[in-house]
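Listing of start-v8.pdb; format and content: PDB, C-alpha atoms and all ligand atoms.
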MODEL        1
ATOM      1  CA  MET A  29       3.273  -5.005 -22.271
ATOM      2  CA  ASP A  30       0.184  -6.236 -20.449
ATOM      3  CA  THR A  31      -0.083  -4.768 -16.964
ATOM      4  CA  VAL A  32      -1.646  -7.045 -14.368
ATOM      5  CA  LEU A  33      -3.853  -5.369 -11.776
ATOM      6  CA  LEU A  34      -2.857  -6.645  -8.339
ATOM      7  CA  LYS A  35      -6.148  -6.505  -6.471
ATOM      8  CA  GLY A  36      -6.252  -6.891  -2.710
ATOM      9  CA  LYS A  37      -9.789  -8.206  -2.438
ATOM     10  CA  PRO A  38      -9.304 -11.852  -3.539
ATOM     11  CA  ILE A  39      -6.493 -12.248  -1.005
ATOM     12  CA  ALA A  40      -8.372 -10.367   1.719
ATOM     13  CA  VAL A  41     -11.412 -12.629   1.251
ATOM     14  CA  GLY A  42      -9.271 -15.707   1.977
ATOM     15  CA  ILE A  43      -7.728 -14.092   5.061
ATOM     16  CA  ARG A  44     -11.137 -12.999   6.363
ATOM     17  CA  GLU A  45     -12.566 -16.506   5.934
ATOM     18  CA  ASP A  46      -9.648 -17.964   7.860
ATOM     19  CA  VAL A  47     -10.056 -15.343  10.620
ATOM     20  CA  ALA A  48     -13.814 -15.946  10.908
ATOM     21  CA  HIS A  49     -13.274 -19.702  11.128
ATOM     22  CA  ARG A  50     -10.599 -19.379  13.817
ATOM     23  CA  ALA A  51     -12.566 -16.760  15.786
ATOM     24  CA  ALA A  52     -15.602 -19.057  15.860
ATOM     25  CA  ALA A  53     -13.463 -21.925  17.180
ATOM     26  CA  LEU A  54     -12.365 -19.952  20.257
ATOM     27  CA  PRO A  55     -14.198 -20.432  23.570
ATOM     28  CA  PHE A  56     -14.321 -16.621  24.052
ATOM     29  CA  ASP A  57     -14.590 -13.488  21.890
ATOM     30  CA  PRO A  58     -11.275 -12.379  20.396
ATOM     31  CA  THR A  59     -11.164  -8.697  21.306
ATOM     32  CA  LEU A  60      -9.329  -5.718  19.867
ATOM     33  CA  ALA A  61      -9.041  -2.470  21.830
ATOM     34  CA  ILE A  62      -8.820   0.599  19.599
ATOM     35  CA  VAL A  63      -7.422   3.555  21.494
ATOM     36  CA  MET A  64      -8.266   6.961  20.059
ATOM     37  CA  VAL A  65      -6.892  10.044  21.753
ATOM     38  CA  GLY A  66      -8.670  13.159  20.494
ATOM     39  CA  ASP A  67     -10.906  13.397  17.461
ATOM     40  CA  ASP A  68      -8.713  13.256  14.363
ATOM     41  CA  PRO A  69     -11.212  12.646  11.490
ATOM     42  CA  ALA A  70      -8.942  10.222   9.597
ATOM     43  CA  SER A  71      -8.430   8.157  12.776
ATOM     44  CA  ALA A  72     -12.173   8.140  13.423
ATOM     45  CA  TYR A  73     -12.785   6.944   9.863
ATOM     46  CA  TYR A  74     -10.140   4.210  10.168
ATOM     47  CA  SER A  75     -11.508   3.110  13.577
ATOM     48  CA  ALA A  76     -15.015   2.830  12.166
ATOM     49  CA  SER A  77     -13.795   0.772   9.209
ATOM     50  CA  ILE A  78     -11.910  -1.604  11.553
ATOM     51  CA  GLU A  79     -15.033  -1.960  13.710
ATOM     52  CA  ARG A  80     -17.164  -2.835  10.661
ATOM     53  CA  ALA A  81     -14.633  -5.349   9.328
ATOM     54  CA  ALA A  82     -14.160  -6.919  12.770
ATOM     55  CA  ALA A  83     -17.891  -7.426  13.300
ATOM     56  CA  LYS A  84     -18.067  -9.406  10.040
ATOM     57  CA  VAL A  85     -15.452 -11.939  11.176
ATOM     58  CA  GLY A  86     -16.457 -12.353  14.814
ATOM     59  CA  VAL A  87     -13.806 -10.107  16.365
ATOM     60  CA  VAL A  88     -15.133  -7.847  19.108
ATOM     61  CA  THR A  89     -13.839  -4.273  19.205
ATOM     62  CA  ARG A  90     -13.640  -2.019  22.212
ATOM     63  CA  LEU A  91     -13.273   1.621  21.227
ATOM     64  CA  VAL A  92     -11.450   3.512  23.980
ATOM     65  CA  GLU A  93     -11.872   7.222  23.329
ATOM     66  CA  LEU A  94      -9.686   9.454  25.456
ATOM     67  CA  ASP A  95      -9.656  13.224  25.727
ATOM     68  CA  PRO A  96      -6.127  14.594  25.268
ATOM     69  CA  SER A  97      -6.705  16.938  28.236
ATOM     70  CA  ILE A  98      -6.315  13.962  30.617
ATOM     71  CA  GLY A  99      -2.560  14.101  29.914
ATOM     72  CA  SER A 100       0.023  11.637  28.729
ATOM     73  CA  GLU A 101       0.407   9.864  32.110
ATOM     74  CA  THR A 102      -3.302   9.002  32.217
ATOM     75  CA  VAL A 103      -3.300   7.913  28.573
ATOM     76  CA  ALA A 104      -0.298   5.685  29.285
ATOM     77  CA  ARG A 105      -2.082   4.214  32.323
ATOM     78  CA  ALA A 106      -5.206   3.458  30.273
ATOM     79  CA  ILE A 107      -3.088   1.585  27.702
ATOM     80  CA  ARG A 108      -1.235  -0.254  30.483
ATOM     81  CA  GLU A 109      -4.580  -1.367  31.940
ATOM     82  CA  LEU A 110      -5.633  -2.721  28.534
ATOM     83  CA  SER A 111      -2.349  -4.634  28.385
ATOM     84  CA  GLN A 112      -3.259  -6.238  31.718
ATOM     85  CA  ASP A 113      -6.907  -6.896  30.834
ATOM     86  CA  THR A 114      -7.338 -10.608  30.114
ATOM     87  CA  LEU A 115     -10.479  -9.878  28.057
ATOM     88  CA  VAL A 116      -8.417  -7.825  25.561
ATOM     89  CA  HIS A 117      -6.184  -9.685  23.088
ATOM     90  CA  GLY A 118      -4.993  -6.949  20.749
ATOM     91  CA  ILE A 119      -4.420  -3.210  21.146
ATOM     92  CA  ILE A 120      -3.889  -0.491  18.578
ATOM     93  CA  VAL A 121      -3.370   3.180  19.303
ATOM     94  CA  GLN A 122      -4.557   5.397  16.481
ATOM     95  CA  GLN A 123      -1.997   7.783  15.009
ATOM     96  CA  PRO A 124      -1.387  10.666  14.761
ATOM     97  CA  LEU A 125      -1.573  11.387  18.470
ATOM     98  CA  PRO A 126      -2.563  14.941  19.408
ATOM     99  CA  VAL A 127       0.043  17.502  20.427
ATOM    100  CA  GLY A 128       1.050  16.895  24.049
ATOM    101  CA  ILE A 129       0.607  13.125  23.915
ATOM    102  CA  PRO A 130       4.032  11.636  23.111
ATOM    103  CA  PRO A 131       4.283   8.582  20.831
ATOM    104  CA  ALA A 132       5.990   6.822  23.770
ATOM    105  CA  VAL A 133       2.559   5.985  25.237
ATOM    106  CA  VAL A 134       2.554   2.957  22.903
ATOM    107  CA  GLU A 135       5.424   1.470  24.931
ATOM    108  CA  GLN A 136       2.709   0.370  27.367
ATOM    109  CA  ILE A 137       1.421  -2.258  24.918
ATOM    110  CA  VAL A 138       2.823  -5.694  25.789
ATOM    111  CA  PRO A 139       4.339  -7.492  22.739
ATOM    112  CA  GLY A 140       1.740 -10.285  22.854
ATOM    113  CA  LYS A 141      -1.038  -7.726  22.279
ATOM    114  CA  ASP A 142       0.908  -5.351  20.032
ATOM    115  CA  VAL A 143      -0.925  -6.438  16.891
ATOM    116  CA  ASP A 144       0.461  -3.601  14.736
ATOM    117  CA  CYS A 145       4.012  -3.769  16.143
ATOM    118  CA  ALA A 146       3.943  -0.230  17.509
ATOM    119  CA  SER A 147       6.254  -0.303  20.539
ATOM    120  CA  THR A 148      10.005   0.084  20.440
ATOM    121  CA  TYR A 149      10.347  -3.355  22.000
ATOM    122  CA  SER A 150       8.147  -4.984  19.329
ATOM    123  CA  LEU A 151      10.081  -3.186  16.577
ATOM    124  CA  GLY A 152      13.335  -4.385  18.141
ATOM    125  CA  LEU A 153      12.034  -7.953  18.053
ATOM    126  CA  LEU A 154      11.122  -7.447  14.381
ATOM    127  CA  MET A 155      14.649  -6.294  13.650
ATOM    128  CA  THR A 156      15.998  -9.578  15.003
ATOM    129  CA  GLY A 157      13.350 -11.745  13.346
ATOM    130  CA  ARG A 158      11.752 -12.679  16.673
ATOM    131  CA  GLU A 159       8.648 -10.472  16.498
ATOM    132  CA  VAL A 160       5.304 -11.570  17.881
ATOM    133  CA  PHE A 161       3.449  -9.479  15.276
ATOM    134  CA  ALA A 162       4.731  -7.528  12.275
ATOM    135  CA  PRO A 163       3.244  -4.150  11.296
ATOM    136  CA  CYS A 164       0.094  -4.795   9.263
ATOM    137  CA  THR A 165       0.863  -2.497   6.315
ATOM    138  CA  ALA A 166       4.353  -3.890   5.752
ATOM    139  CA  LEU A 167       2.888  -7.374   6.032
ATOM    140  CA  ALA A 168       0.149  -6.429   3.563
ATOM    141  CA  VAL A 169       2.788  -5.626   0.925
ATOM    142  CA  LEU A 170       4.353  -9.074   1.390
ATOM    143  CA  GLU A 171       0.961 -10.804   1.328
ATOM    144  CA  MET A 172       0.020  -8.920  -1.827
ATOM    145  CA  LEU A 173       3.164 -10.094  -3.636
ATOM    146  CA  HIS A 174       2.951 -13.631  -2.294
ATOM    147  CA  GLY A 175      -0.763 -13.890  -3.099
ATOM    148  CA  HIS A 176      -0.042 -12.941  -6.709
ATOM    149  CA  ASP A 177       2.911 -15.348  -7.011
ATOM    150  CA  ILE A 178       5.498 -12.600  -7.290
ATOM    151  CA  ALA A 179       8.706 -14.034  -5.863
ATOM    152  CA  LEU A 180      11.065 -11.880  -3.820
ATOM    153  CA  PRO A 181      14.371 -13.775  -3.523
ATOM    154  CA  GLY A 182      17.068 -12.129  -5.622
ATOM    155  CA  LYS A 183      14.885  -9.170  -6.607
ATOM    156  CA  HIS A 184      15.875  -5.557  -6.155
ATOM    157  CA  VAL A 185      13.127  -3.856  -4.176
ATOM    158  CA  VAL A 186      13.206  -0.067  -3.999
ATOM    159  CA  ILE A 187      11.058   1.450  -1.261
ATOM    160  CA  VAL A 188      10.309   5.165  -1.388
ATOM    161  CA  GLY A 189       9.569   6.194   2.211
ATOM    162  CA  ARG A 190      11.398   5.414   5.454
ATOM    163  CA  SER A 191       8.703   5.804   8.095
ATOM    164  CA  THR A 192       8.748   3.585  11.174
ATOM    165  CA  VAL A 193       5.229   2.440  10.307
ATOM    166  CA  VAL A 194       5.828   1.352   6.697
ATOM    167  CA  GLY A 195       9.205   1.829   4.995
ATOM    168  CA  LYS A 196      11.643   0.714   7.690
ATOM    169  CA  PRO A 197       9.799  -2.405   8.894
ATOM    170  CA  LEU A 198       9.087  -3.412   5.298
ATOM    171  CA  ALA A 199      12.787  -3.106   4.425
ATOM    172  CA  ASN A 200      13.542  -5.265   7.430
ATOM    173  CA  LEU A 201      11.081  -7.981   6.431
ATOM    174  CA  LEU A 202      12.331  -8.001   2.832
ATOM    175  CA  LEU A 203      15.911  -8.539   4.013
ATOM    176  CA  ARG A 204      15.012 -11.750   5.831
ATOM    177  CA  LYS A 205      16.867 -14.813   4.655
ATOM    178  CA  SER A 206      13.665 -16.611   3.738
ATOM    179  CA  GLU A 207      11.417 -17.492   0.816
ATOM    180  CA  ARG A 208       9.322 -14.391   1.550
ATOM    181  CA  GLY A 209      12.388 -12.159   1.653
ATOM    182  CA  ASN A 210      15.945 -12.468   0.421
ATOM    183  CA  ALA A 211      15.528  -9.315  -1.612
ATOM    184  CA  THR A 212      18.125  -6.625  -2.154
ATOM    185  CA  VAL A 213      16.621  -3.489  -0.693
ATOM    186  CA  THR A 214      17.116   0.207  -1.379
ATOM    187  CA  VAL A 215      15.246   2.721   0.779
ATOM    188  CA  CYS A 216      14.753   6.245  -0.608
ATOM    189  CA  HIS A 217      13.523   9.413   1.122
ATOM    190  CA  THR A 218      13.515  13.172   0.704
ATOM    191  CA  GLY A 219      17.276  13.242   1.177
ATOM    192  CA  THR A 220      17.831  10.904  -1.773
ATOM    193  CA  SER A 221      19.532  12.705  -4.618
ATOM    194  CA  ASP A 222      18.206  11.673  -8.029
ATOM    195  CA  LEU A 223      15.251   9.558  -6.905
ATOM    196  CA  THR A 224      14.581   8.398 -10.465
ATOM    197  CA  LEU A 225      18.079   6.912 -10.747
ATOM    198  CA  HIS A 226      17.093   4.540  -7.931
ATOM    199  CA  THR A 227      13.463   3.883  -8.784
ATOM    200  CA  ARG A 228      14.393   2.916 -12.346
ATOM    201  CA  GLN A 229      16.589   0.146 -10.971
ATOM    202  CA  ALA A 230      13.696  -1.516  -9.138
ATOM    203  CA  ASP A 231      12.379  -4.927 -10.043
ATOM    204  CA  ILE A 232       9.719  -4.128  -7.468
ATOM    205  CA  LEU A 233       8.967  -0.537  -6.506
ATOM    206  CA  VAL A 234       7.073   0.209  -3.303
ATOM    207  CA  ALA A 235       5.767   3.757  -2.913
ATOM    208  CA  ALA A 236       4.997   4.777   0.696
ATOM    209  CA  MET A 237       5.359   8.537   0.583
ATOM    210  CA  GLY A 238       2.002  10.173   1.177
ATOM    211  CA  ARG A 239       2.437  12.227  -2.026
ATOM    212  CA  PRO A 240      -0.405  11.847  -4.532
ATOM    213  CA  GLY A 241       0.788  10.617  -7.933
ATOM    214  CA  ALA A 242       4.464  11.303  -7.156
ATOM    215  CA  ILE A 243       5.768   8.165  -8.900
ATOM    216  CA  ARG A 244       5.480   8.905 -12.616
ATOM    217  CA  GLY A 245       5.784   6.597 -15.598
ATOM    218  CA  ASP A 246       9.278   7.805 -16.469
ATOM    219  CA  MET A 247      10.486   6.820 -12.982
ATOM    220  CA  ILE A 248      10.109   3.074 -13.483
ATOM    221  CA  SER A 249      11.667   0.557 -15.821
ATOM    222  CA  GLU A 250       9.576  -1.459 -18.221
ATOM    223  CA  GLY A 251       8.332  -4.644 -16.567
ATOM    224  CA  ALA A 252       8.675  -3.431 -12.965
ATOM    225  CA  VAL A 253       6.122  -4.464 -10.352
ATOM    226  CA  VAL A 254       4.681  -1.381  -8.673
ATOM    227  CA  VAL A 255       3.138  -1.546  -5.201
ATOM    228  CA  ASP A 256       1.336   1.600  -4.083
ATOM    229  CA  VAL A 257       0.961   1.935  -0.318
ATOM    230  CA  GLY A 258      -0.079   5.590  -0.426
ATOM    231  CA  VAL A 259      -3.587   6.659   0.492
ATOM    232  CA  ASN A 260      -4.187  10.337  -0.200
ATOM    233  CA  GLN A 261      -7.400  12.300  -0.177
ATOM    234  CA  ILE A 262      -7.668  14.811  -3.022
ATOM    235  CA  ASP A 263     -10.451  17.252  -3.876
ATOM    236  CA  ASP A 264     -12.854  16.023  -6.536
ATOM    237  CA  PRO A 265     -15.942  18.184  -7.015
ATOM    238  CA  SER A 266     -17.352  15.586  -9.447
ATOM    239  CA  SER A 267     -17.617  12.958  -6.694
ATOM    240  CA  LYS A 268     -20.496  12.855  -4.196
ATOM    241  CA  LYS A 269     -18.170  13.229  -1.227
ATOM    242  CA  GLY A 270     -16.218  16.063  -2.831
ATOM    243  CA  TYR A 271     -13.007  14.092  -2.658
ATOM    244  CA  ARG A 272     -11.469  10.818  -3.776
ATOM    245  CA  LEU A 273      -8.625   8.595  -2.683
ATOM    246  CA  VAL A 274      -5.496   8.223  -4.791
ATOM    247  CA  GLY A 275      -2.149   6.543  -4.252
ATOM    248  CA  ASP A 276       1.425   7.769  -4.488
ATOM    249  CA  VAL A 277       1.687   6.359  -8.011
ATOM    250  CA  ALA A 278       0.364   7.996 -11.182
ATOM    251  CA  PHE A 279      -1.679   4.887 -11.869
ATOM    252  CA  ASP A 280      -2.633   5.610 -15.490
ATOM    253  CA  GLU A 281       1.023   6.040 -16.443
ATOM    254  CA  MET A 282       1.834   2.503 -15.299
ATOM    255  CA  THR A 283      -0.458   0.826 -17.825
ATOM    256  CA  GLY A 284       1.512  -0.865 -20.569
ATOM    257  CA  LEU A 285       4.787  -0.135 -18.796
ATOM    258  CA  ALA A 286       4.711  -1.945 -15.442
ATOM    259  CA  SER A 287       4.221  -5.713 -15.447
ATOM    260  CA  ALA A 288       1.878  -5.335 -12.472
ATOM    261  CA  VAL A 289       0.472  -2.526 -10.335
ATOM    262  CA  THR A 290      -1.709  -2.280  -7.233
ATOM    263  CA  PRO A 291      -4.756   0.018  -7.413
ATOM    264  CA  VAL A 292      -5.759   2.620  -4.814
ATOM    265  CA  PRO A 293      -8.283   2.041  -3.414
ATOM    266  CA  GLY A 294      -8.611  -1.738  -3.645
ATOM    267  CA  GLY A 295      -4.953  -2.679  -3.229
ATOM    268  CA  VAL A 296      -2.659  -2.861  -0.202
ATOM    269  CA  GLY A 297      -5.132  -1.072   2.076
ATOM    270  CA  THR A 298      -7.697  -3.821   1.517
ATOM    271  CA  LEU A 299      -5.319  -6.308   3.104
ATOM    272  CA  THR A 300      -4.169  -4.219   6.050
ATOM    273  CA  THR A 301      -7.322  -4.498   8.152
ATOM    274  CA  ALA A 302      -7.772  -8.196   7.347
ATOM    275  CA  LEU A 303      -4.215  -8.844   8.573
ATOM    276  CA  LEU A 304      -4.783  -6.767  11.707
ATOM    277  CA  LEU A 305      -7.798  -8.929  12.557
ATOM    278  CA  ARG A 306      -5.809 -12.086  11.841
ATOM    279  CA  SER A 307      -3.208 -10.948  14.370
ATOM    280  CA  VAL A 308      -5.950 -10.359  16.960
ATOM    281  CA  VAL A 309      -7.192 -13.918  16.489
ATOM    282  CA  VAL A 310      -3.648 -15.295  16.721
ATOM    283  CA  ALA A 311      -3.159 -13.319  19.969
ATOM    284  CA  ALA A 312      -6.449 -14.724  21.287
ATOM    285  CA  GLU A 313      -5.433 -18.269  20.329
ATOM    286  CA  ASP A 314      -2.163 -17.779  22.186
ATOM    287  CA  ALA A 315      -4.078 -16.529  25.238
ATOM    288  CA  SER A 316      -6.358 -19.565  25.122
ATOM    289  CA  THR A 317      -3.379 -21.929  25.426
ATOM    290  CA  LEU A 318      -1.919 -20.159  28.479
TER     291      LEU A 318
HETATM  292  P1  LIG B 401       5.178   9.363   6.498
HETATM  293  O1  LIG B 401       5.449   8.999   7.908
HETATM  294  O2  LIG B 401       4.768  10.764   6.177
HETATM  295  O3  LIG B 401       6.497   9.033   5.665
HETATM  296  C1  LIG B 401       6.597   9.347   4.316
HETATM  297  C2  LIG B 401       7.960   8.957   3.819
HETATM  298  O4  LIG B 401       8.035   9.260   2.426
HETATM  299  C3  LIG B 401       9.099   9.702   4.499
HETATM  300  O5  LIG B 401      10.160   8.820   4.763
HETATM  301  C4  LIG B 401       9.499  10.765   3.475
HETATM  302  O6  LIG B 401      10.872  11.090   3.505
HETATM  303  C5  LIG B 401       9.183  10.051   2.170
HETATM  304  N1  LIG B 401       8.894  11.003   1.115
HETATM  305  C6  LIG B 401       7.890  11.893   1.059
HETATM  306  N2  LIG B 401       7.944  12.613  -0.085
HETATM  307  C7  LIG B 401       9.008  12.159  -0.758
HETATM  308  C8  LIG B 401       9.616  12.506  -1.992
HETATM  309  N3  LIG B 401       9.118  13.472  -2.765
HETATM  310  N4  LIG B 401      10.712  11.814  -2.381
HETATM  311  C9  LIG B 401      11.223  10.831  -1.619
HETATM  312  N5  LIG B 401      10.701  10.460  -0.431
HETATM  313  C10 LIG B 401       9.611  11.122   0.003
HETATM  314  O7  LIG B 401       4.074   8.431   5.854
HETATM  315  P2  LIG B 401       3.669   6.900   6.196
HETATM  316  O8  LIG B 401       2.954   6.846   7.483
HETATM  317  O9  LIG B 401       4.833   6.004   5.954
HETATM  318  O10 LIG B 401       2.605   6.661   5.034
HETATM  319  C11 LIG B 401       2.973   6.729   3.674
HETATM  320  C12 LIG B 401       1.723   6.602   2.834
HETATM  321  O11 LIG B 401       1.151   5.322   3.069
HETATM  322  C13 LIG B 401       0.612   7.605   3.161
HETATM  323  O12 LIG B 401      -0.064   7.935   1.985
HETATM  324  C14 LIG B 401      -0.300   6.838   4.089
HETATM  325  O13 LIG B 401      -1.631   7.304   4.038
HETATM  326  C15 LIG B 401      -0.195   5.463   3.492
HETATM  327  N6  LIG B 401      -0.499   4.366   4.419
HETATM  328  C16 LIG B 401      -1.285   3.396   3.942
HETATM  329  C17 LIG B 401      -1.600   2.319   4.742
HETATM  330  C18 LIG B 401      -2.446   1.227   4.168
HETATM  331  O14 LIG B 401      -2.940   0.406   4.895
HETATM  332  N7  LIG B 401      -2.585   1.165   2.855
HETATM  333  C19 LIG B 401      -1.131   2.256   6.053
HETATM  334  C20 LIG B 401      -0.268   3.255   6.502
HETATM  335  C21 LIG B 401       0.049   4.316   5.671
HETATM  336  P3  LIG B 401      11.576  11.784   4.785
HETATM  337  O15 LIG B 401      11.726  10.705   5.804
HETATM  338  O16 LIG B 401      12.868  12.259   4.266
HETATM  339  O17 LIG B 401      10.628  12.864   5.220
ENDMDL
END
I need this file expressed as structure tokens, please.
Amino acid sequence: MDTVLLKGKPIAVGIREDVAHRAAALPFDPTLAIVMVGDDPASAYYSASIERAAAKVGVVTRLVELDPSIGSETVARAIRELSQDTLVHGIIVQQPLPVGIPPAVVEQIVPGKDVDCASTYSLGLLMTGREVFAPCTALAVLEMLHGHDIALPGKHVVIVGRSTVVGKPLANLLLRKSERGNATVTVCHTGTSDLTLHTRQADILVAAMGRPGAIRGDMISEGAVVVDVGVNQIDDPSSKKGYRLVGDVAFDEMTGLASAVTPVPGGVGTLTTALLLRSVVVAAEDASTL
């Protein structure tokens, strides 16, 4: 069987062009506040990559770096002030938050600026299909499938991973009674007995586990579509940086077996930032009509 490589770039290019066009049409700069509490290296790397991508499409970023020693009340107040700031249209709070800063600080983001659907309220809206913005990674999976003409209605999608950031919201979106949903969804996790029994039943398998290469060739059925959300850093002395990024899927084992597979890097992750910036521009457009 030929295995199609589902690349993110061609879809991301289209989204970025649309975002740049819409940003340029606004009478003010669409602005994203990136809140970073502490100095987690992965968060710093992700923030820098958002800033670079934003600059290319005319979205202004405001990096708000906070020292965890200021305490959770002060962090919450800073986020609340961004929610009230009319010059800010989107807010993301980088995760993981340091010890002592509870995840509840994200409840201070108003839904209209919650461009990655982080607060409980935004997630509740998502559950009922009335969200302002969906989480970017879950949305990236849908955009990836849609952009490659892979239909969802009637398909059995098996998601491995039940996090609030990826697995759960994705399951929710896939269950929608719509052209971009209407799938039958199974969600697996570490408590699932006989994971392979489930993954082999997938028409579309989504791996969001954070476990390098955990989905092996013998865990999928021939012809399945495999979407790899995982981004894992593994040591690689042969590379200049000393490490490389791999997904949750043993990519080489999918060739000739899956009908399509997303690469890592160059797959879902490529779309996530483009979709985040699109949400910022949508939030700014909404603000301009108020
Ligand atoms: P997470 O919060 O650590 O959740 C991982 C989930 O996978 C959990 O539900 C866990 O089960 C499940 N899991 C882990 N090992 C498993 C196993 N052996 N069998 C079955 N289930 C297993 O991670 P996350 O934030 O959802 O992220 C998942 C991956 O996606 C990571 O690699 C992350 O870097 C990547 N990611 C990528 C993007 C992107 O833009 N491409 C964005 C966000 C995250 P339990 O609940 O039972 O522990």
May I have the protein, DNA and RNA residues with an atom at most 12 Å from (-0.2, 2.0, -14.4), counting all atoms listed in the file in the file's coordinates, returned as a ChimeraX atom specification? /A:29-34,241,243-248,250-256,275-292
Apply the PyMOL selection byres (((chain A and resi 49-56) around 10) and not hetatm) to the displayed file and report the matching residues as JSON, numbers by chain. {"A": [43, 44, 45, 46, 47, 48, 57, 58, 59, 85, 86, 87, 88, 115, 305, 306, 308, 309, 310, 312, 313, 316]}
Please return the centre and edge lengths, in Å to one decimal, of a box with edges along x, y and z that contains all listed atoms of ligand LIG 401 (chain B), widened by 4 Å on every side, as lines of an AutoDock Vina configuration file.
center_x = 5.0
center_y = 6.9
center_z = 2.6
size_x = 23.8
size_y = 21.1
size_z = 18.7
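Counting only C-alpha atoms and all ligand atoms and comparing A:Val138, A:Ile78, A:Ala83, A:Leu110, the residue that lies closest to ligand LIG 401 (chain B) is A:Ile78.
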Starting from the shown file, work through the PyMOL selection byres (((chain A and resi 100-107) around 7) and not hetatm) and note down what comes out as a PyMOL selection string. chain A and resi 98-99+108-111+129-130+133+136-137
What does the file look like for those residues with C-alpha atoms, as a short mmCIF file (atom, residue, chain, number, x, y, z; two decimals), in the frame of the given file?
data_model
loop_
_atom_site.label_atom_id
_atom_site.label_comp_id
_atom_site.auth_asym_id
_atom_site.auth_seq_id
_atom_site.Cartn_x
_atom_site.Cartn_y
_atom_site.Cartn_z
CA ILE A 98 -6.32 13.96 30.62
CA GLY A 99 -2.56 14.10 29.91
CA ARG A 108 -1.24 -0.25 30.48
CA GLU A 109 -4.58 -1.37 31.94
CA LEU A 110 -5.63 -2.72 28.53
CA SER A 111 -2.35 -4.63 28.38
CA ILE A 129 0.61 13.12 23.92
CA PRO A 130 4.03 11.64 23.11
CA VAL A 133 2.56 5.98 25.24
CA GLN A 136 2.71 0.37 27.37
CA ILE A 137 1.42 -2.26 24.92
#
For the structure shown, which residues end up in the PyMOL selection byres (((chain A and resi 70) around 12) and not hetatm)? Put them as a PyMOL selection string, please? chain A and resi 64+66-69+71-77+122-125+259-261
Write a file of the selected residues as a PDB file, in the frame of the given file, keeping C-alpha atoms.
ATOM      1  CA  MET A  64      -8.266   6.961  20.059  1.00  0.00           C
ATOM      2  CA  GLY A  66      -8.670  13.159  20.494  1.00  0.00           C
ATOM      3  CA  ASP A  67     -10.906  13.397  17.461  1.00  0.00           C
ATOM      4  CA  ASP A  68      -8.713  13.256  14.363  1.00  0.00           C
ATOM      5  CA  PRO A  69     -11.212  12.646  11.490  1.00  0.00           C
ATOM      6  CA  SER A  71      -8.430   8.157  12.776  1.00  0.00           C
ATOM      7  CA  ALA A  72     -12.173   8.140  13.423  1.00  0.00           C
ATOM      8  CA  TYR A  73     -12.785   6.944   9.863  1.00  0.00           C
ATOM      9  CA  TYR A  74     -10.140   4.210  10.168  1.00  0.00           C
ATOM     10  CA  SER A  75     -11.508   3.110  13.577  1.00  0.00           C
ATOM     11  CA  ALA A  76     -15.015   2.830  12.166  1.00  0.00           C
ATOM     12  CA  SER A  77     -13.795   0.772   9.209  1.00  0.00           C
ATOM     13  CA  GLN A 122      -4.557   5.397  16.481  1.00  0.00           C
ATOM     14  CA  GLN A 123      -1.997   7.783  15.009  1.00  0.00           C
ATOM     15  CA  PRO A 124      -1.387  10.666  14.761  1.00  0.00           C
ATOM     16  CA  LEU A 125      -1.573  11.387  18.470  1.00  0.00           C
ATOM     17  CA  VAL A 259      -3.587   6.659   0.492  1.00  0.00           C
ATOM     18  CA  ASN A 260      -4.187  10.337  -0.200  1.00  0.00           C
ATOM     19  CA  GLN A 261      -7.400  12.300  -0.177  1.00  0.00           C
TER      20      GLN A 261
END
